[in-house]
file data_4.txt (compact mmCIF, C-alpha atoms)
# COMPACT_ATOMS: atom_id res chain seq x y z
CA MET A 1 141.34 63.93 37.00
CA ALA A 2 140.90 65.42 40.47
CA ALA A 3 137.12 65.17 40.12
CA TRP A 4 137.41 61.48 39.21
CA ARG A 5 139.58 60.80 42.27
CA ALA A 6 137.05 62.53 44.52
CA LEU A 7 134.18 60.47 43.07
CA ARG A 8 136.17 57.23 43.40
CA TRP A 9 136.97 58.04 47.06
CA ARG A 10 133.28 58.73 47.72
CA LEU A 11 132.33 55.36 46.26
CA LEU A 12 134.98 53.64 48.33
CA ARG A 13 133.65 55.26 51.50
CA THR A 14 129.92 54.75 50.83
CA PRO A 15 128.47 52.10 53.18
CA GLY A 16 126.30 49.43 51.58
CA PRO A 17 123.81 46.88 52.86
CA GLY A 18 126.54 44.27 53.31
CA PRO A 19 130.22 44.35 54.26
CA ALA A 20 132.25 47.45 53.55
CA ARG A 21 132.55 47.90 49.78
CA ARG A 22 135.51 48.90 47.65
CA LEU A 23 136.13 49.20 43.94
CA SER A 24 137.51 46.00 42.40
CA THR A 25 140.84 46.20 40.63
CA ALA A 26 142.38 44.21 37.80
CA ARG A 27 144.46 42.29 40.38
CA ASP A 28 141.29 41.36 42.31
CA ARG A 29 139.61 40.09 39.17
CA ALA A 30 142.69 38.10 38.12
CA GLY A 31 142.99 36.52 41.57
CA GLY A 32 139.34 35.58 41.52
CA ALA A 33 139.74 33.84 38.20
CA GLY A 34 142.74 31.86 39.47
CA ASP A 35 140.79 30.73 42.52
CA ARG A 36 137.95 29.50 40.38
CA GLN A 37 140.42 27.52 38.20
CA GLY A 38 141.86 25.77 41.22
CA THR A 39 138.54 24.96 42.83
CA SER A 40 135.98 22.64 41.37
CA ARG A 41 133.08 24.12 43.35
CA CYS A 42 132.83 27.54 44.97
CA ARG A 43 130.68 27.84 48.10
CA CYS A 44 131.23 31.61 48.39
CA PRO A 45 128.11 33.77 48.06
CA ARG A 46 127.64 35.51 44.77
CA PRO A 47 128.95 39.07 44.82
CA ARG A 48 126.27 41.70 45.23
CA PRO A 49 125.55 43.78 42.15
CA ARG A 50 127.38 47.06 42.29
CA GLN A 51 125.15 50.05 43.20
CA GLU A 52 124.70 52.41 40.31
CA PHE A 53 125.35 56.10 40.99
CA PRO A 54 123.87 58.78 38.80
CA SER A 55 126.27 60.71 36.70
CA PRO A 56 127.14 64.09 38.26
CA GLU A 57 126.01 65.70 35.02
CA GLU A 58 122.43 64.41 35.32
CA LYS A 59 121.36 66.24 38.51
CA PRO A 60 123.07 68.80 40.75
CA GLN A 61 124.59 67.33 43.89
CA PHE A 62 124.92 70.65 45.74
CA PRO A 63 123.60 70.39 49.33
CA GLY A 64 122.12 73.91 49.43
CA ALA A 65 119.21 73.60 47.01
CA SER A 66 117.01 71.16 45.13
CA ALA A 67 117.03 71.91 41.42
CA ASP A 68 117.89 70.76 37.93
CA PHE A 69 120.59 72.00 35.61
CA ALA A 70 119.77 74.56 32.95
CA ASP A 71 121.69 75.05 29.74
CA ARG A 72 120.33 78.52 28.98
CA LEU A 73 121.22 81.76 30.77
CA GLU A 74 118.06 83.15 32.32
CA PHE A 75 117.47 85.27 35.44
CA ILE A 76 114.39 84.64 37.56
CA GLN A 77 111.90 87.48 37.31
CA PRO A 78 110.76 89.15 40.59
CA ASN A 79 107.12 88.27 39.97
CA VAL A 80 107.13 84.75 38.61
CA ILE A 81 103.34 84.56 38.96
CA SER A 82 100.59 87.13 38.55
CA GLY A 83 100.28 87.53 42.33
CA ILE A 84 99.32 85.48 45.35
CA PRO A 85 95.51 85.50 45.56
CA VAL A 86 93.66 87.09 48.48
CA TYR A 87 91.55 84.54 50.33
CA ARG A 88 88.12 85.79 51.39
CA VAL A 89 84.90 84.31 52.70
CA MET A 90 82.39 87.16 52.45
CA ASP A 91 82.14 90.12 50.13
CA ARG A 92 81.81 93.77 51.10
CA GLN A 93 78.04 93.43 51.49
CA GLY A 94 78.42 90.62 54.00
CA HIS A 95 77.40 87.79 51.67
CA ILE A 96 79.21 84.46 51.86
CA VAL A 97 81.06 83.92 48.57
CA ASN A 98 81.59 80.16 48.87
CA PRO A 99 79.30 78.34 51.34
CA ALA A 100 81.92 75.62 51.76
CA GLU A 101 84.23 78.19 53.37
CA ASP A 102 81.62 79.57 55.80
CA PRO A 103 82.99 78.85 59.31
CA GLN A 104 79.40 78.52 60.57
CA LEU A 105 80.14 80.44 63.73
CA PRO A 106 77.29 80.58 66.26
CA LYS A 107 75.42 83.82 66.79
CA GLU A 108 76.94 84.38 70.23
CA LEU A 109 80.48 84.25 68.84
CA VAL A 110 79.69 86.52 65.91
CA LEU A 111 78.17 89.04 68.31
CA LYS A 112 81.31 88.88 70.44
CA LEU A 113 83.44 89.57 67.38
CA TYR A 114 81.31 92.56 66.44
CA LYS A 115 81.06 94.01 69.93
CA THR A 116 84.80 93.68 70.48
CA MET A 117 85.54 95.53 67.25
CA THR A 118 83.08 98.33 67.96
CA LEU A 119 84.15 98.66 71.60
CA LEU A 120 87.76 98.97 70.46
CA ASN A 121 86.68 101.60 67.95
CA THR A 122 84.90 103.59 70.66
CA MET A 123 87.88 103.37 73.03
CA ASP A 124 90.15 104.55 70.22
CA ARG A 125 88.07 107.64 69.58
CA ILE A 126 87.94 108.67 73.23
CA LEU A 127 91.63 108.09 73.93
CA TYR A 128 92.66 109.78 70.70
CA GLU A 129 90.71 112.88 71.69
CA SER A 130 92.10 112.72 75.22
CA GLN A 131 95.63 112.90 73.80
CA ARG A 132 94.66 115.85 71.64
CA GLN A 133 93.42 117.56 74.80
CA GLY A 134 96.73 116.93 76.58
CA ARG A 135 95.34 114.36 79.02
CA ILE A 136 97.69 111.56 77.90
CA SER A 137 101.03 111.82 76.12
CA PHE A 138 100.58 109.52 73.12
CA TYR A 139 98.13 107.18 71.40
CA MET A 140 97.79 104.90 68.39
CA THR A 141 94.40 104.02 66.95
CA ASN A 142 93.34 100.76 65.31
CA TYR A 143 90.83 102.19 62.82
CA GLY A 144 90.25 99.85 59.89
CA GLU A 145 92.30 96.95 61.24
CA GLU A 146 89.86 95.65 63.87
CA GLY A 147 89.03 92.57 61.78
CA THR A 148 92.62 91.34 61.83
CA HIS A 149 92.63 91.53 65.63
CA VAL A 150 89.43 89.76 66.59
CA GLY A 151 89.34 87.30 63.68
CA SER A 152 92.74 85.92 64.62
CA ALA A 153 92.17 86.12 68.38
CA ALA A 154 88.97 84.08 68.11
CA ALA A 155 90.84 81.30 66.29
CA LEU A 156 93.46 80.85 69.00
CA ASP A 157 93.38 78.91 72.24
CA ASP A 158 93.35 81.07 75.35
CA THR A 159 96.76 79.73 76.39
CA ASP A 160 98.48 80.49 73.08
CA LEU A 161 101.21 83.06 73.54
CA VAL A 162 100.80 86.43 71.82
CA PHE A 163 103.62 88.73 70.75
CA GLY A 164 102.12 92.00 69.55
CA GLN A 165 103.60 95.05 67.90
CA TYR A 166 101.62 98.13 68.95
CA ARG A 167 98.36 97.92 67.01
CA GLU A 168 96.82 94.72 68.41
CA ALA A 169 94.77 96.03 71.31
CA GLY A 170 91.77 94.14 69.93
CA VAL A 171 93.49 90.79 70.58
CA LEU A 172 93.88 91.65 74.24
CA MET A 173 90.36 93.06 74.43
CA TYR A 174 88.92 89.87 72.90
CA ARG A 175 90.67 87.89 75.65
CA GLY A 176 88.82 89.88 78.29
CA TYR A 177 91.34 92.55 79.25
CA PRO A 178 89.21 95.11 81.13
CA LEU A 179 88.71 98.68 80.01
CA ASP A 180 90.00 100.11 83.27
CA LEU A 181 93.40 98.45 82.71
CA PHE A 182 93.59 99.77 79.16
CA MET A 183 92.97 103.23 80.56
CA ALA A 184 95.36 102.73 83.47
CA GLN A 185 98.16 101.82 81.10
CA CYS A 186 97.57 104.83 78.85
CA TYR A 187 97.42 107.16 81.86
CA GLY A 188 100.29 105.42 83.64
CA ASN A 189 98.44 105.56 86.94
CA ALA A 190 98.80 103.50 90.11
CA SER A 191 96.56 100.72 88.70
CA ASP A 192 98.80 100.18 85.68
CA THR A 193 100.29 96.68 85.83
CA GLY A 194 103.43 98.13 84.25
CA LYS A 195 103.65 100.68 87.08
CA GLY A 196 103.74 103.62 84.71
CA ARG A 197 107.05 102.68 83.12
CA GLN A 198 105.84 102.17 79.56
CA MET A 199 104.56 104.76 77.12
CA PRO A 200 100.83 104.48 76.23
CA VAL A 201 99.44 101.54 74.18
CA HIS A 202 102.33 99.28 75.25
CA TYR A 203 100.08 96.73 76.92
CA GLY A 204 100.99 93.42 78.48
CA CYS A 205 99.20 90.79 80.55
CA ARG A 206 100.75 87.63 81.93
CA ASP A 207 97.37 86.12 82.87
CA ARG A 208 96.14 86.46 79.28
CA HIS A 209 99.43 85.29 77.76
CA PHE A 210 100.07 88.61 76.04
CA VAL A 211 103.73 89.59 76.09
CA THR A 212 104.37 93.26 76.90
CA ILE A 213 104.76 95.35 73.76
CA SER A 214 108.13 96.87 72.91
CA SER A 215 108.53 99.96 70.72
CA PRO A 216 111.47 98.97 68.49
CA LEU A 217 110.20 97.39 65.29
CA ALA A 218 110.39 93.62 64.79
CA THR A 219 112.22 92.75 68.00
CA GLN A 220 109.25 90.54 68.90
CA ILE A 221 109.73 88.31 65.84
CA PRO A 222 112.87 86.38 66.90
CA GLN A 223 111.61 86.47 70.50
CA ALA A 224 108.39 84.75 69.41
CA VAL A 225 110.39 82.08 67.60
CA GLY A 226 112.43 81.41 70.73
CA ALA A 227 109.25 81.06 72.77
CA ALA A 228 107.78 78.71 70.16
CA TYR A 229 110.92 76.58 70.21
CA THR A 230 110.62 76.31 73.99
CA ILE A 231 106.99 75.24 73.65
CA LYS A 232 108.01 72.64 71.08
CA ARG A 233 110.71 71.25 73.36
CA ALA A 234 108.20 71.05 76.22
CA ASP A 235 105.59 69.39 73.98
CA ALA A 236 103.07 71.82 75.46
CA ASN A 237 100.37 71.62 72.75
CA ARG A 238 100.40 75.40 72.36
CA ALA A 239 101.21 77.83 69.60
CA VAL A 240 102.75 81.29 69.43
CA ILE A 241 101.36 84.07 67.26
CA CYS A 242 103.50 87.06 66.37
CA TYR A 243 101.94 90.22 64.93
CA PHE A 244 103.78 92.84 62.92
CA GLY A 245 103.23 95.26 60.06
CA GLU A 246 104.60 95.10 56.55
CA GLY A 247 107.04 97.86 57.48
CA ALA A 248 108.52 95.73 60.26
CA ALA A 249 109.00 92.92 57.73
CA SER A 250 111.80 95.03 56.23
CA GLU A 251 113.80 94.77 59.45
CA GLY A 252 116.65 92.29 59.79
CA ASP A 253 114.94 90.67 62.77
CA ALA A 254 112.18 89.49 60.44
CA HIS A 255 114.69 87.61 58.30
CA ALA A 256 116.32 86.04 61.34
CA GLY A 257 112.96 85.06 62.83
CA PHE A 258 111.61 83.52 59.62
CA ASN A 259 114.76 81.52 59.03
CA PHE A 260 115.06 80.24 62.60
CA ALA A 261 111.37 79.28 62.70
CA ALA A 262 111.68 77.23 59.53
CA THR A 263 114.95 75.49 60.32
CA LEU A 264 113.99 74.76 63.94
CA GLU A 265 110.43 73.77 62.93
CA CYS A 266 108.66 75.93 65.50
CA PRO A 267 104.88 76.12 66.11
CA VAL A 268 104.61 79.84 65.40
CA ILE A 269 102.20 81.91 63.29
CA PHE A 270 103.66 85.04 61.74
CA PHE A 271 100.72 87.40 61.29
CA CYS A 272 101.53 90.38 59.09
CA ARG A 273 99.07 93.28 58.96
CA ASN A 274 99.75 94.82 55.57
CA ASN A 275 97.92 98.12 56.03
CA GLY A 276 99.50 100.00 53.15
CA TYR A 277 101.87 102.28 55.03
CA ALA A 278 104.97 102.07 57.21
CA ILE A 279 104.22 105.35 58.99
CA SER A 280 104.39 107.59 55.88
CA THR A 281 106.11 105.18 53.48
CA PRO A 282 103.65 103.47 51.10
CA THR A 283 104.15 99.83 50.13
CA SER A 284 105.22 100.92 46.64
CA GLU A 285 108.36 102.37 48.21
CA GLN A 286 108.92 99.57 50.74
CA TYR A 287 109.43 96.58 48.46
CA ARG A 288 109.34 95.48 44.83
CA GLY A 289 108.14 91.91 45.25
CA ASP A 290 104.62 90.58 45.69
CA GLY A 291 104.04 91.67 49.26
CA ILE A 292 105.04 89.72 52.35
CA ALA A 293 103.38 86.35 51.73
CA ALA A 294 105.57 85.86 48.66
CA ARG A 295 108.63 85.80 50.90
CA GLY A 296 107.39 82.82 52.89
CA PRO A 297 108.27 79.99 50.45
CA GLY A 298 111.83 81.29 50.20
CA TYR A 299 112.23 80.65 53.92
CA GLY A 300 110.30 77.38 53.88
CA LEU A 301 107.16 78.87 55.49
CA MET A 302 103.62 77.77 54.70
CA SER A 303 102.05 81.03 53.54
CA ILE A 304 98.69 82.55 52.70
CA ARG A 305 97.29 85.99 51.88
CA VAL A 306 93.86 86.87 53.27
CA ASP A 307 91.39 89.73 53.16
CA GLY A 308 92.08 91.38 56.51
CA ASN A 309 88.75 93.23 56.39
CA ASP A 310 86.92 89.89 56.25
CA VAL A 311 86.83 88.64 59.83
CA PHE A 312 85.77 85.14 58.71
CA ALA A 313 88.69 84.81 56.28
CA VAL A 314 91.09 85.85 59.05
CA TYR A 315 89.43 83.38 61.42
CA ASN A 316 89.61 80.44 59.00
CA ALA A 317 93.24 81.05 58.06
CA THR A 318 94.41 81.48 61.64
CA LYS A 319 92.40 78.49 62.86
CA GLU A 320 93.94 76.16 60.28
CA ALA A 321 97.42 77.59 60.72
CA ARG A 322 97.18 77.15 64.47
CA ARG A 323 95.97 73.54 64.14
CA ARG A 324 98.75 72.55 61.78
CA ALA A 325 101.44 74.51 63.59
CA VAL A 326 100.77 72.51 66.76
CA ALA A 327 100.18 69.16 65.07
CA GLU A 328 103.11 69.35 62.64
CA ASN A 329 105.56 71.67 64.43
CA GLN A 330 105.97 74.03 61.53
CA PRO A 331 105.68 77.80 61.11
CA PHE A 332 103.04 79.64 59.10
CA LEU A 333 102.93 83.11 57.56
CA ILE A 334 99.62 84.95 57.18
CA GLU A 335 99.54 88.25 55.32
CA ALA A 336 96.30 90.08 56.11
CA MET A 337 95.59 92.81 53.54
CA THR A 338 93.90 95.77 55.22
CA TYR A 339 94.13 99.56 55.45
CA ARG A 340 95.20 101.92 58.21
CA ILE A 341 92.40 104.47 58.28
CA GLY A 342 93.80 106.51 61.16
CA HIS A 343 97.08 108.36 61.43
CA HIS A 344 100.08 106.23 62.31
CA SER A 345 99.97 107.77 65.77
CA THR A 346 99.17 111.07 67.44
CA SER A 347 102.66 112.17 66.36
CA ASP A 348 101.70 111.78 62.71
CA ASP A 349 99.59 113.78 60.23
CA SER A 350 98.75 111.39 57.39
CA SER A 351 97.17 114.16 55.29
CA ALA A 352 100.72 115.10 54.34
CA TYR A 353 101.22 111.91 52.32
CA ARG A 354 97.78 110.59 51.32
CA SER A 355 94.49 112.08 50.17
CA VAL A 356 91.31 112.42 52.15
CA ASP A 357 89.43 110.65 49.34
CA GLU A 358 91.67 107.60 49.72
CA VAL A 359 90.97 107.39 53.43
CA ASN A 360 87.24 107.96 52.98
CA TYR A 361 86.99 105.14 50.46
CA TRP A 362 88.27 102.56 52.93
CA ASP A 363 86.31 104.03 55.80
CA LYS A 364 82.99 104.07 53.93
CA GLN A 365 83.29 101.28 51.36
CA ASP A 366 85.41 98.50 52.83
CA HIS A 367 85.48 98.61 56.61
CA PRO A 368 85.65 95.33 58.61
CA ILE A 369 83.02 96.54 61.09
CA SER A 370 80.46 97.49 58.44
CA ARG A 371 81.09 94.24 56.56
CA LEU A 372 80.33 92.11 59.61
CA ARG A 373 77.33 94.31 60.43
CA HIS A 374 75.94 93.62 56.94
CA TYR A 375 76.37 89.90 57.57
CA MET A 376 74.47 90.05 60.87
CA LEU A 377 71.70 92.16 59.33
CA ASN A 378 71.37 89.65 56.50
CA ARG A 379 71.04 86.84 59.04
CA GLY A 380 68.53 88.75 61.18
CA TRP A 381 70.93 88.74 64.14
CA TRP A 382 71.13 92.53 64.47
CA ASP A 383 69.02 95.60 63.79
CA GLU A 384 69.28 99.37 63.98
CA GLU A 385 67.78 99.58 67.46
CA GLU A 386 70.32 97.12 68.82
CA GLU A 387 73.05 99.08 67.07
CA LYS A 388 72.02 102.35 68.71
CA GLY A 389 71.66 100.72 72.12
CA TRP A 390 75.05 99.04 71.93
CA ARG A 391 76.83 102.17 70.73
CA LYS A 392 75.36 104.14 73.61
CA SER A 393 76.13 101.55 76.29
CA SER A 394 79.66 100.87 74.99
CA ARG A 395 80.48 104.57 75.02
CA LYS A 396 79.21 104.78 78.59
CA MET A 397 81.48 101.90 79.64
CA VAL A 398 84.51 103.52 78.06
CA MET A 399 83.77 106.93 79.58
CA GLU A 400 83.37 105.44 83.07
CA ALA A 401 86.74 103.71 82.80
CA PHE A 402 88.24 106.88 81.37
CA GLU A 403 87.01 109.09 84.21
CA GLN A 404 88.13 106.58 86.82
CA ALA A 405 91.64 106.42 85.31
CA GLU A 406 91.94 110.22 85.37
CA ARG A 407 91.15 110.39 89.07
CA LYS A 408 93.75 107.84 90.14
CA PRO A 409 97.21 108.99 91.28
CA LYS A 410 100.46 108.16 89.53
CA PRO A 411 102.60 105.28 90.89
CA ASN A 412 104.94 105.92 93.81
CA VAL A 413 108.21 107.47 92.61
CA GLN A 414 110.16 104.81 94.52
CA LEU A 415 109.03 102.32 91.86
CA LEU A 416 111.58 103.90 89.54
CA PHE A 417 114.21 101.71 91.19
CA SER A 418 112.44 98.37 91.71
CA ASP A 419 111.75 95.21 89.68
CA VAL A 420 115.09 95.08 87.88
CA TYR A 421 117.23 93.27 90.47
CA ARG A 422 116.13 90.83 93.15
CA GLU A 423 118.27 92.78 95.60
CA MET A 424 118.86 96.45 94.87
CA PRO A 425 122.56 97.00 94.03
CA PRO A 426 124.59 99.81 95.65
CA HIS A 427 124.49 102.15 92.65
CA LEU A 428 120.68 102.11 92.59
CA ARG A 429 120.52 102.67 96.33
CA ARG A 430 122.74 105.72 95.88
CA GLN A 431 120.52 107.03 93.10
CA ARG A 432 117.39 106.53 95.20
CA ALA A 433 118.94 108.37 98.12
CA ALA A 434 119.96 111.22 95.81
CA LEU A 435 116.39 111.50 94.51
CA GLU A 436 115.01 111.57 98.06
CA ARG A 437 117.40 114.39 99.02
CA HIS A 438 116.51 116.30 95.87
CA LEU A 439 112.78 116.06 96.50
CA GLN A 440 113.23 117.14 100.12
CA HIS A 441 114.87 120.35 98.98
CA TYR A 442 112.93 121.06 95.78
CA GLY A 443 109.73 119.06 96.18
CA GLU A 444 107.55 122.15 95.81
CA HIS A 445 108.58 122.35 92.16
CA TYR A 446 107.10 118.92 91.38
CA PRO A 447 103.44 117.79 91.35
CA LEU A 448 104.07 115.22 94.10
CA GLU A 449 100.44 115.42 95.20
CA HIS A 450 99.54 113.51 92.02
CA PHE A 451 101.73 110.55 92.99
CA GLU A 452 100.81 107.68 95.28
CA LYS A 453 102.46 107.95 98.67

call {"tool": "encode", "arguments": {"input": "data_4.txt", "output": "structure tokens"}}
result
Amino acid sequence: MAAWRALRWRLLRTPGPGPARRLSTARDRAGGAGDRQGTSRCRCPRPRPRQEFPSPEEKPQFPGASADFADRLEFIQPNVISGIPVYRVMDRQGHIVNPAEDPQLPKELVLKLYKTMTLLNTMDRILYESQRQGRISFYMTNYGEEGTHVGSAAALDDTDLVFGQYREAGVLMYRGYPLDLFMAQCYGNASDTGKGRQMPVHYGCRDRHFVTISSPLATQIPQAVGAAYTIKRADANRAVICYFGEGAASEGDAHAGFNFAATLECPVIFFCRNNGYAISTPTSEQYRGDGIAARGPGYGLMSIRVDGNDVFAVYNATKEARRRAVAENQPFLIEAMTYRIGHHSTSDDSSAYRSVDEVNYWDKQDHPISRLRHYMLNRGWWDEEEEKGWRKSSRKMVMEAFEQAERKPKPNVQLLFSDVYREMPPHLRRQRAALERHLQHYGEHYPLEHFEK
């Protein structure tokens, strides 16, 4: 009875195309009949036909989902389909699988993609060894994931905002970030734009629209959504891309970011590098569903899974996602399947949790650099002599920047107290004065000659 009263009240309150409607009663119908008996001709307009409402039993009326009723108890299985397919454009030998999907990139652009990947690879090797020699404190390589960096970077506009995690140095390198600034940041010297305050590989560049990297996992995801919402409100014809690993997708910030992006309809691309491991935790122990792309539809995200070792597949997916994100103001999720060939960082020894044979397979059989090299060799755009010449010259460039960074002094110690407040507050002034007194008395115990005066 209560349900019937609620439905009747809803019908009474529902506005129609004409005057406010109400349910007719027996008294109304009787009065109408009496009026017609006393009047030979009625000039009143004919009553509108009553709007039919579906029975509540025919379709659920709940506001939280769109579905039909079921009369059989059945739980949804975790993997309702065999698996989201992996989009690719070229095979491991560099041959185009479907000519219709070939992005037809010009030779100059393909060479830039290849040279950026190989230059990044060379820089990684030198800086990794420098950390092992005690020259820098920390480093993280990008071995095996170079294709996800440059393929996506090439598909973006230069003004699109980038939120990285800590393994996207190739994106910044593709945008023209110079080697000497990479080195300056890792050494924390006086040329470092961050003034030596960040640990190595935490790059940032305002001019190249690359937001400074932060160590805590997934904090950049909701931040990227907020930036994308601002861009949408400003109608700035830009997009935001946010990089993260599959391990970071297990953080609560990922849930918040995905949900906000969908409900606020933000022009953001979530780019997940699924490289198989969250430090030492394999994907088999991280989740039970079908990877990260399978989560997208649950949040209302347009989603795709791509071969992250195929630079053309990454390019095509990012290009289309960027176009539609800006044109339609909606978020996209790209899951790039790849493999982390190197250790998680210089603080990690991956031989403790994976075999050498596993690493060698990906390094020798399915590497993004070798795949693109095969493509260029097939097209006649590259040969062994050019390969040797480029490897030699790129190593020389990296070594010159490396040696220059080592010679430069560290930033002035006074910079410890600046760039937080517009005017230095009293407590920081007291701390600075205390440091000055301390160094006056015990300065000989510190390598002050290595710091800029």

call {"tool": "residues_around", "arguments": {"input": "data_4.txt", "residues": "Ile279 in chain A", "least_positions_apart": "5", "cutoff": "9 Å", "atoms": "all atoms listed in the file", "output": "list in words"}}
result
Gly247, His343, His344, Ser345, Asp348 and Ser350 of chain A

call {"tool": "residues_around", "arguments": {"input": "data_4.txt", "residues": "Tyr187 in chain A", "least_positions_apart": "4", "cutoff": "10 Å", "atoms": "all atoms listed in the file", "output": "list in words"}}
result
Leu127, Arg135, Ile136, Ser137, Phe138, Leu181, Phe182, Met183, Ser191, Asp192, Gly196, Met199, Pro200, Val201, Phe402, Ala405, Glu406, Lys408, Pro409 and Lys410 of chain A

call {"tool": "write_last_selection", "arguments": {"input": "data_4.txt", "atoms": "C-alpha atoms", "output": "compact mmCIF listing (two decimals), in the frame of the given file"}}
result
# COMPACT_ATOMS: atom_id res chain seq x y z
CA LEU A 127 91.63 108.09 73.93
CA ARG A 135 95.34 114.36 79.02
CA ILE A 136 97.69 111.56 77.90
CA SER A 137 101.03 111.82 76.12
CA PHE A 138 100.58 109.52 73.12
CA LEU A 181 93.40 98.45 82.71
CA PHE A 182 93.59 99.77 79.16
CA MET A 183 92.97 103.23 80.56
CA SER A 191 96.56 100.72 88.70
CA ASP A 192 98.80 100.18 85.68
CA GLY A 196 103.74 103.62 84.71
CA MET A 199 104.56 104.76 77.12
CA PRO A 200 100.83 104.48 76.23
CA VAL A 201 99.44 101.54 74.18
CA PHE A 402 88.24 106.88 81.37
CA ALA A 405 91.64 106.42 85.31
CA GLU A 406 91.94 110.22 85.37
CA LYS A 408 93.75 107.84 90.14
CA PRO A 409 97.21 108.99 91.28
CA LYS A 410 100.46 108.16 89.53

call {"tool": "atom_distance", "arguments": {"input": "data_4.txt", "atom1": "CA of Phe332 in chain A", "atom2": "CA of Pro267 in chain A"}}
result
8.1 Å

call {"tool": "atom_distance", "arguments": {"input": "data_4.txt", "atom1": "CA of Lys388 in chain A", "atom2": "CA of Tyr339 in chain A"}}
result
25.9 Å

call {"tool": "atom_distance", "arguments": {"input": "data_4.txt", "atom1": "CA of Asp180 in chain A", "atom2": "CA of Ala401 in chain A"}}
result
4.9 Å

call {"tool": "closest_residue", "arguments": {"input": "data_4.txt", "among": "A:Ala218, A:Ala293, A:Ala190, A:Gly164", "to": "Cys205 in chain A", "atoms": "all atoms listed in the file"}}
result
A:Gly164
